[in-house]
Amino acid sequence: MVSLLPGPVRAGGVDLKNHLILAAGVLGTTGASLQRVLSLGAGGVVTKSIGPFPNEGHAGPCLVVMEGGILNAMGLPNPSSDFVDELVPLQGEPVVVSVYGGSPEEFATVAGWFAGKARGVELNLSCPHAAGYGAALGADPRLVEACTRAVADLGIPVWVKLTPNVTDITACGIAAERGGARALVAINTVKAMRISTGMRRPVLGNRFGGLSGRSIFPIAVRCVYELYEACSIPIIGCGGVSSAGDVIEMMMAGATAVQIGSAVHSDLRVFERIAGELYSPDGEPSAELVGCAHV
Ligand SMILES: Cc1cc2nc3c(=O)[nH]c(=O)nc-3n(C[C@H](O)[C@H](O)[C@H](O)COP(=O)(O)O)c2cc1C
């Protein structure tokens, strides 16, 4: 298998310890859990999405683990501005705060709480199950551009996380780039649902949710590939990554680094495990791999 030369990585204005980043919403709910994932080998971590007001999230069931993936409709539960205190012990660590809002102004307010307290912010313009938030804004390129610009004006490196639940993801990527994004993150979950045939009703409390894990990997690779052709800023691949081979494939599609979420559910040591296979002293510089599958 192709291997990579180890060493520090810079992606979208943020210095990382390696190419593997914890994805938003998975274990990123406290400072202690973020610290733990860093100590287990992640090159950087993204927090749970933080919004303008405290939110309890959707009524359960919120999460269903299935073969090949996870279906969730958490509903963006978070403590809002109280989360700022969680980051105090993490000063200097590669932490990116995921933020959400219902307007450009709300995005700027929430991101402003974390200026100087995190290396960057990731805009959640892509959650498929939060009315008025996430993909409700992120499917409209004009709103993507406005939200991105409002936060970029604060002078913090901005990553914009995109939804695959649109006809043309490149329109949103181009809009984010125009608004001043330093990187694109592709992708958030794929809108989906399951029905309990025994109970004759949807399994999730919210009826619809987002599918993640191995089953969405080919969708994520396609989105990264399309964005690489259309945009000039770095792309961070996310969706179904669970092996070193997946990381290499994402990079060949055009990813500068990758995020890992669902794979943490079955293997908390996934970062160490992948890094052990991915890096070798005679590996290739990542710049030679990123986008090499574009012919
Ligand atoms: C339980 C759960 C909670 C999530 N919460 C968030 C969130 O708060 N913000 C966000 O941008 N993405 C959230 N996501 C999406 C992930 O960050 C990621 O985009 C998605 O799961 C695809 O990656 P994966 O297949 O590696 O999990 C969540 C995913 C899961 C499974």
# chains A, B, ... in the order shown; residues from 1 in each chain; ligands from 1

$ select_by_dssp --residues "segment 51-168 of chain A" --states "strand (DSSP E)" --output "list in words"
Leu63, Val64, Val65, Met66, Gly69, Ile70, Leu71, Asn72, Val95, Val96, Val97, Ser98, Val99, Gly120, Val121, Glu122, Leu123, Asn124, Val158, Trp159, Val160, Lys161 and Leu162 of chain A

$ select_by_dssp --residues "segment 93-259 of chain A" --states "helix (DSSP H, G or I)" --output "number ranges by chain"
A: 104-113, 135-138, 141-152, 169-179, 214-230, 244-253

$ closest_residue --among "A:Ala152, A:Val9, A:Ala24, A:Leu211" --to "Lys191 of chain A" --atoms "only C-alpha atoms"
A:Leu211

$ closest_residue --among "A:Cys172, A:Ala108, A:Ala130, A:Leu4" --to "ligand 1" --atoms "only C-alpha atoms and all ligand atoms"
A:Ala130

$ closest_residue --among "A:Ala275, A:Ala171, A:Leu34, A:Val46" --to "ligand 1" --atoms "only C-alpha atoms and all ligand atoms"
A:Val46

$ closest_residue --among "A:Pro104, A:Gly254, A:Gly210, A:Gly276" --to "Val64 of chain A" --atoms "only C-alpha atoms"
A:Gly210

$ residues_around --residues "Val2 of chain A" --least-positions-apart "3" --cutoff "9 Å" --atoms "only C-alpha atoms" --output "ChimeraX atom specification"
/A:245,248,278,283-284

$ atom_distance --atom1 "atom CA of Leu137 of chain A" --atom2 "atom CA of Leu125 of chain A"
6.2 Å

$ residues_around --residues "Gly57 of chain A" --least-positions-apart "4" --cutoff "12 Å" --atoms "only C-alpha atoms" --output "list in words"
Ser49, Ile50, Gly51, Phe53, Pro61, Cys62, Leu63, Asn72, Ala73, Met74, Gly75, Leu76, Pro77, Asn78, Pro79, His129, Ala130, Ala131, Gly205 and Asn206 of chain A

$ closest_residue --among "A:Ala287, A:Leu143, A:Val270, A:Leu154" --to "ligand 1" --atoms "only C-alpha atoms and all ligand atoms"
A:Val270

$ residues_around --residues "Leu38 of chain A" --least-positions-apart "2" --cutoff "10 Å" --atoms "only C-alpha atoms" --output "ChimeraX atom specification"
/A:17,21-22,32-36,40-45,93-95,271

$ write_last_selection --atoms "N, CA and C atoms" --output "short mmCIF file (atom, residue, chain, number, x, y, z; two decimals), in the first residue's frame"
data_model
loop_
_atom_site.label_atom_id
_atom_site.label_comp_id
_atom_site.auth_asym_id
_atom_site.auth_seq_id
_atom_site.Cartn_x
_atom_site.Cartn_y
_atom_site.Cartn_z
N LYS A 17 -1.15 17.79 14.06
CA LYS A 17 -0.03 16.88 14.36
C LYS A 17 0.10 15.77 13.31
N ILE A 21 -8.15 13.88 11.78
CA ILE A 21 -8.86 14.84 12.65
C ILE A 21 -10.17 14.20 13.15
N LEU A 22 -10.47 14.41 14.43
CA LEU A 22 -11.77 13.97 14.94
C LEU A 22 -12.87 14.84 14.33
N ALA A 32 -12.48 17.37 28.31
CA ALA A 32 -11.80 16.13 28.68
C ALA A 32 -11.85 15.10 27.55
N SER A 33 -12.99 15.00 26.87
CA SER A 33 -13.07 14.00 25.80
C SER A 33 -12.22 14.43 24.60
N LEU A 34 -12.16 15.74 24.34
CA LEU A 34 -11.30 16.21 23.24
C LEU A 34 -9.83 15.91 23.56
N GLN A 35 -9.45 16.17 24.81
CA GLN A 35 -8.08 15.91 25.25
C GLN A 35 -7.75 14.43 25.11
N ARG A 36 -8.73 13.59 25.44
CA ARG A 36 -8.50 12.14 25.37
C ARG A 36 -8.26 11.70 23.92
N LEU A 40 -4.94 10.01 22.19
CA LEU A 40 -5.00 8.71 21.50
C LEU A 40 -4.58 8.83 20.03
N GLY A 41 -3.95 9.95 19.66
CA GLY A 41 -3.30 9.99 18.35
C GLY A 41 -3.95 10.83 17.28
N ALA A 42 -5.04 11.54 17.59
CA ALA A 42 -5.62 12.41 16.55
C ALA A 42 -4.68 13.59 16.32
N GLY A 43 -4.58 14.02 15.07
CA GLY A 43 -3.73 15.17 14.73
C GLY A 43 -4.41 16.49 15.03
N GLY A 44 -5.71 16.45 15.23
CA GLY A 44 -6.50 17.63 15.56
C GLY A 44 -7.90 17.17 15.92
N VAL A 45 -8.66 18.05 16.56
CA VAL A 45 -10.02 17.67 16.94
C VAL A 45 -10.99 18.81 16.61
N GLU A 93 -3.55 23.55 21.87
CA GLU A 93 -3.79 22.27 21.17
C GLU A 93 -4.52 22.53 19.84
N PRO A 94 -4.40 21.58 18.89
CA PRO A 94 -5.07 21.78 17.58
C PRO A 94 -6.58 21.52 17.66
N VAL A 95 -7.28 22.50 18.22
CA VAL A 95 -8.73 22.39 18.40
C VAL A 95 -9.44 23.36 17.45
N PHE A 271 -7.38 6.31 15.52
CA PHE A 271 -6.35 7.24 15.03
C PHE A 271 -4.96 6.60 15.07
#

$ atom_distance --atom1 "atom CA of Pro164 of chain A" --atom2 "atom CA of Arg273 of chain A"
27.9 Å

$ residues_around --residues "segment 113-115 of chain A" --least-positions-apart "2" --cutoff "12 Å" --atoms "only C-alpha atoms" --output "number ranges by chain"
A: 47, 50-52, 80-88, 91, 95-99, 106-111, 117-122, 151-158

$ write_last_selection --atoms "N, CA and C atoms" --output "mmCIF file, in the first residue's frame"
data_model
loop_
_atom_site.group_PDB
_atom_site.id
_atom_site.type_symbol
_atom_site.label_atom_id
_atom_site.label_comp_id
_atom_site.auth_asym_id
_atom_site.auth_seq_id
_atom_site.Cartn_x
_atom_site.Cartn_y
_atom_site.Cartn_z
ATOM 1 N N THR A 47 -14.847 20.184 17.716
ATOM 2 C CA THR A 47 -15.808 20.031 18.813
ATOM 3 C C THR A 47 -17.201 19.693 18.288
ATOM 4 N N ILE A 50 -21.556 24.144 18.323
ATOM 5 C CA ILE A 50 -22.047 25.049 19.362
ATOM 6 C C ILE A 50 -22.899 26.128 18.703
ATOM 7 N N GLY A 51 -24.051 26.417 19.311
ATOM 8 C CA GLY A 51 -24.974 27.383 18.722
ATOM 9 C C GLY A 51 -25.252 28.579 19.606
ATOM 10 N N PRO A 52 -26.114 29.473 19.141
ATOM 11 C CA PRO A 52 -26.348 30.739 19.854
ATOM 12 C C PRO A 52 -27.114 30.597 21.167
ATOM 13 N N SER A 80 -24.158 25.940 24.419
ATOM 14 C CA SER A 80 -23.926 27.300 23.911
ATOM 15 C C SER A 80 -22.682 27.934 24.554
ATOM 16 N N SER A 81 -22.767 29.193 24.981
ATOM 17 C CA SER A 81 -21.547 29.923 25.392
ATOM 18 C C SER A 81 -20.848 29.291 26.596
ATOM 19 N N ASP A 82 -21.558 28.480 27.380
ATOM 20 C CA ASP A 82 -20.895 27.797 28.512
ATOM 21 C C ASP A 82 -19.762 26.897 28.035
ATOM 22 N N PHE A 83 -19.786 26.511 26.753
ATOM 23 C CA PHE A 83 -18.756 25.600 26.244
ATOM 24 C C PHE A 83 -17.372 26.250 26.232
ATOM 25 N N VAL A 84 -17.340 27.585 26.227
ATOM 26 C CA VAL A 84 -16.047 28.291 26.157
ATOM 27 C C VAL A 84 -15.118 27.803 27.274
ATOM 28 N N ASP A 85 -15.650 27.581 28.464
ATOM 29 C CA ASP A 85 -14.822 27.149 29.610
ATOM 30 C C ASP A 85 -14.169 25.782 29.374
ATOM 31 N N GLU A 86 -14.832 24.929 28.563
ATOM 32 C CA GLU A 86 -14.281 23.584 28.311
ATOM 33 C C GLU A 86 -12.925 23.658 27.599
ATOM 34 N N LEU A 87 -12.705 24.765 26.878
ATOM 35 C CA LEU A 87 -11.487 24.855 26.063
ATOM 36 C C LEU A 87 -10.281 25.396 26.834
ATOM 37 N N VAL A 88 -10.510 25.892 28.047
ATOM 38 C CA VAL A 88 -9.414 26.507 28.805
ATOM 39 C C VAL A 88 -8.212 25.558 28.946
ATOM 40 N N GLN A 91 -5.683 25.044 25.663
ATOM 41 C CA GLN A 91 -4.968 26.143 24.997
ATOM 42 C C GLN A 91 -3.710 25.618 24.308
ATOM 43 N N VAL A 95 -7.283 22.504 18.218
ATOM 44 C CA VAL A 95 -8.733 22.394 18.401
ATOM 45 C C VAL A 95 -9.442 23.364 17.454
ATOM 46 N N VAL A 96 -10.415 22.855 16.730
ATOM 47 C CA VAL A 96 -11.269 23.670 15.861
ATOM 48 C C VAL A 96 -12.683 23.590 16.443
ATOM 49 N N VAL A 97 -13.324 24.742 16.616
ATOM 50 C CA VAL A 97 -14.673 24.748 17.193
ATOM 51 C C VAL A 97 -15.705 24.756 16.073
ATOM 52 N N SER A 98 -16.606 23.779 16.115
ATOM 53 C CA SER A 98 -17.711 23.765 15.155
ATOM 54 C C SER A 98 -18.816 24.685 15.674
ATOM 55 N N VAL A 99 -19.276 25.594 14.831
ATOM 56 C CA VAL A 99 -20.325 26.526 15.252
ATOM 57 C C VAL A 99 -21.499 26.474 14.273
ATOM 58 N N GLU A 106 -25.716 35.417 13.614
ATOM 59 C CA GLU A 106 -25.581 34.426 14.694
ATOM 60 C C GLU A 106 -24.286 33.622 14.546
ATOM 61 N N PHE A 107 -23.930 33.287 13.311
ATOM 62 C CA PHE A 107 -22.650 32.579 13.106
ATOM 63 C C PHE A 107 -21.498 33.434 13.635
ATOM 64 N N ALA A 108 -21.528 34.740 13.337
ATOM 65 C CA ALA A 108 -20.429 35.622 13.762
ATOM 66 C C ALA A 108 -20.405 35.749 15.286
ATOM 67 N N THR A 109 -21.568 35.826 15.909
ATOM 68 C CA THR A 109 -21.627 35.943 17.373
ATOM 69 C C THR A 109 -21.001 34.722 18.024
ATOM 70 N N VAL A 110 -21.427 33.543 17.602
ATOM 71 C CA VAL A 110 -20.929 32.305 18.236
ATOM 72 C C VAL A 110 -19.436 32.138 17.959
ATOM 73 N N ALA A 111 -19.025 32.367 16.724
ATOM 74 C CA ALA A 111 -17.598 32.226 16.398
ATOM 75 C C ALA A 111 -16.766 33.212 17.216
ATOM 76 N N LYS A 117 -9.270 31.485 21.278
ATOM 77 C CA LYS A 117 -9.357 30.332 22.193
ATOM 78 C C LYS A 117 -9.283 29.004 21.449
ATOM 79 N N ALA A 118 -9.326 29.049 20.115
ATOM 80 C CA ALA A 118 -9.216 27.838 19.290
ATOM 81 C C ALA A 118 -8.439 28.215 18.036
ATOM 82 N N ARG A 119 -7.900 27.207 17.355
ATOM 83 C CA ARG A 119 -7.076 27.473 16.160
ATOM 84 C C ARG A 119 -7.919 27.906 14.962
ATOM 85 N N GLY A 120 -9.205 27.522 14.981
ATOM 86 C CA GLY A 120 -10.070 27.865 13.862
ATOM 87 C C GLY A 120 -11.506 27.530 14.194
ATOM 88 N N VAL A 121 -12.403 27.906 13.303
ATOM 89 C CA VAL A 121 -13.805 27.519 13.472
ATOM 90 C C VAL A 121 -14.274 26.791 12.211
ATOM 91 N N GLU A 122 -15.161 25.830 12.429
ATOM 92 C CA GLU A 122 -15.768 25.089 11.316
ATOM 93 C C GLU A 122 -17.252 25.441 11.304
ATOM 94 N N VAL A 151 -18.047 35.418 9.371
ATOM 95 C CA VAL A 151 -17.079 34.849 10.324
ATOM 96 C C VAL A 151 -15.643 35.158 9.879
ATOM 97 N N ALA A 152 -15.388 35.089 8.583
ATOM 98 C CA ALA A 152 -14.030 35.370 8.080
ATOM 99 C C ALA A 152 -13.610 36.786 8.447
ATOM 100 N N ASP A 153 -14.569 37.704 8.517
ATOM 101 C CA ASP A 153 -14.266 39.096 8.871
ATOM 102 C C ASP A 153 -13.702 39.215 10.289
ATOM 103 N N LEU A 154 -13.926 38.177 11.127
ATOM 104 C CA LEU A 154 -13.385 38.202 12.497
ATOM 105 C C LEU A 154 -11.884 37.895 12.512
ATOM 106 N N GLY A 155 -11.358 37.422 11.383
ATOM 107 C CA GLY A 155 -9.925 37.128 11.297
ATOM 108 C C GLY A 155 -9.544 35.750 11.806
ATOM 109 N N ILE A 156 -10.524 34.856 11.997
ATOM 110 C CA ILE A 156 -10.246 33.475 12.454
ATOM 111 C C ILE A 156 -10.225 32.575 11.212
ATOM 112 N N PRO A 157 -9.292 31.588 11.132
ATOM 113 C CA PRO A 157 -9.382 30.641 10.004
ATOM 114 C C PRO A 157 -10.748 29.937 9.994
ATOM 115 N N VAL A 158 -11.413 29.961 8.854
ATOM 116 C CA VAL A 158 -12.766 29.400 8.754
ATOM 117 C C VAL A 158 -12.775 28.182 7.831
#

$ atom_distance --atom1 "atom 18 (C, counted along the ligand's line) of ligand 1" --atom2 "atom CA of Arg200 of chain A"
28.7 Å

$ residues_around --residues "Leu5 of chain A" --least-positions-apart "6" --cutoff "8 Å" --atoms "only C-alpha atoms" --output "PyMOL selection string"
chain A and resi 279-286

$ closest_residue --among "A:Gly12, A:Gly69, A:Pro218, A:Gly25" --to "ligand 1" --atoms "only C-alpha atoms and all ligand atoms"
A:Gly25
